[in-house]
Amino acid sequence: ANERPYAYLDENGELAGAMKVVTDRLASDLGIEIEPLTYTDYESAYQAMQDGKADFLLNMFVDPEWGEERGLVQTAPFMVSGFTAVTRRNGMPRDPVIATLDNRLAKEILRHHFPEREIQAYPSIEACLEAVRQKKADVTYIRASSAQYQTMRGGYPDLVASGHLSLQKGIAMAVPKTGDPVLLRILDKEIRHTGRGAASVPRHSCAGRAPSSAFCRLASSSRSSRATASSPTSIS
C-alpha cells in the first residue's frame, strides 16, 4: 500500500517516510545496519518472520493476542497512529457503506460501530479510496497523515478528509517467540530511550534485515540479524 508519508517506496524502490525515520534512528542509536525487506501486506511480513527471513517486525498495531496467534511478542508501543474518515465532498449518508482493508483488526474494530453488512473489504488503501470515489462505498478510515496527503497532494483531490480523529491505535515492534529474547529487551530499551511518540512524524508492508556484526553481538546471535517491518495496516 502507498501510505505516504507514513511508509512507502521512493523512486528507487527504497523504504521512505516515517518508518524510514524509525529504522534510521534504530540504526544510529544501536550502531547497526538495518536492511528493510518490504512487503505489500501484513500477512506476507508475518510469513517472512515465520520463515526466518527477518528478525523483527518494524510496526504493527498493539494487540498482544493477535501477535501471539502469529508467533510474535510485541514491544512496548513506540508511537500512536490516528485514523480519520475520507468521504466524497458531499459527505456520507446516515447508513454508510464502509471500505476497509481486508484484515482482521480493521474489520473487528469497525464491527463495533457499524453493521457487518455495511463493511466491504478491499486489498489496499488505494482500492478503498477508489471505492469511495466510484460510489461503491461512502467512507474509508485511514491514517490521518495519509488522508491529508492523498486528498491534498495525491491522486484523490475529489475526496475530503474529515480532519477529526475517529480512532487512535498504538504501534509496536515485534520479535518471534522463538527468537533471541535479548533482541526484545534491546528494542524495548531503545523505545524507552527515545520516548513513545518520538517517531510519530508525518501497512505498505516492510521488513528489515540488519546484517551487522555489532548487532549480532548485541542480540547474542551467531547469525546476521534480520528485522522485519510491516506498515500497511489501516482502518480503511
# chains A, B, ... in the order shown; residues from 1 in each chain; ligands from 1
$ residues_around --residues "A:Phe114" --least-positions-apart "4" --cutoff "9 Å" --atoms "only C-alpha atoms" --output "compact mmCIF listing (two decimals) with N, CA and C atoms, in the first residue's frame"
# COMPACT_ATOMS: atom_id res chain seq x y z
N ASP A 95 -26.60 5.82 6.84
CA ASP A 95 -26.15 4.43 6.95
C ASP A 95 -25.11 4.16 5.87
N PRO A 96 -23.87 4.57 6.11
CA PRO A 96 -22.85 4.49 5.06
C PRO A 96 -22.32 3.08 4.84
N VAL A 97 -21.83 2.85 3.63
CA VAL A 97 -21.07 1.64 3.32
C VAL A 97 -19.61 1.98 3.54
N ILE A 98 -18.92 1.15 4.30
CA ILE A 98 -17.53 1.44 4.70
C ILE A 98 -16.58 0.55 3.93
N LEU A 110 -14.26 -1.98 13.19
CA LEU A 110 -15.42 -1.37 12.54
C LEU A 110 -16.72 -2.06 12.94
N GLU A 118 -22.59 -3.56 6.16
CA GLU A 118 -22.18 -2.27 5.59
C GLU A 118 -20.67 -2.17 5.42
N ILE A 119 -19.94 -3.22 5.76
CA ILE A 119 -18.47 -3.19 5.69
C ILE A 119 -18.01 -4.02 4.49
$ select_by_dssp --residues "stretch 49-218 of chain A" --states "alpha helix (DSSP H)" --output "VMD selection string"
chain A and resid 49 to 50 64 to 69 104 to 111 125 to 133 144 to 152 181 to 194 213 to 218
$ closest_residue --among "A:Thr194, A:Leu167, A:Phe56, A:Asp138" --to "A:His113" --atoms "only C-alpha atoms"
A:Leu167
$ atom_distance --atom1 "atom CA of A:Gly82" --atom2 "atom CA of A:Lys169"
6.5 Å
$ atom_distance --atom1 "atom CA of A:Phe83" --atom2 "atom CA of A:Arg111"
15.8 Å
$ select_by_dssp --residues "stretch 30-185 of chain A" --states "strand (DSSP E or B)" --output "ChimeraX atom specification"
/A:35-39,56-61,72-88,98-101,119-122,139-143,159-176
$ closest_residue --among "A:Val86, A:Thr151, A:Glu126, A:Val132" --to "A:His164" --atoms "only C-alpha atoms"
A:Val86
$ residues_around --residues "A:Leu129" --least-positions-apart "6" --cutoff "8 Å" --atoms "only C-alpha atoms" --output "list in words"
Val86, Ala99, Thr140 and Tyr156 of chain A
$ atom_distance --atom1 "atom CA of A:Lys177" --atom2 "atom CA of A:Ser44"
17.7 Å
$ closest_residue --among "A:Ala127, A:Ala48, A:Leu165, A:Val80" --to "A:Phe61" --atoms "only C-alpha atoms"
A:Val80
$ closest_atom_pairs --of "stretch 59-130 of chain A" --to "stretch 26-41 of chain A" --cutoff "10 Å" --atoms "only C-alpha atoms" --output "tab-separated table"
residue	atom	partner	partner_atom	distance
A:Leu101	CA	A:Asp41	CA	10.0
A:Asp102	CA	A:Asp41	CA	9.7
A:Asn103	CA	A:Asp41	CA	9.3
A:Pro123	CA	A:Asp41	CA	8.6
A:Ser124	CA	A:Asp41	CA	8.4
$ closest_residue --among "A:Ile109, A:Leu184, A:Leu159, A:Ala18" --to "A:Cys128" --atoms "only C-alpha atoms"
A:Leu159
$ closest_residue --among "A:Ile171, A:Leu9, A:Val21, A:Ala45" --to "A:Ser81" --atoms "only C-alpha atoms"
A:Ile171
$ closest_residue --among "A:Met173, A:Ala85, A:Val22, A:Ala147" --to "A:Leu72" --atoms "only C-alpha atoms"
A:Met173
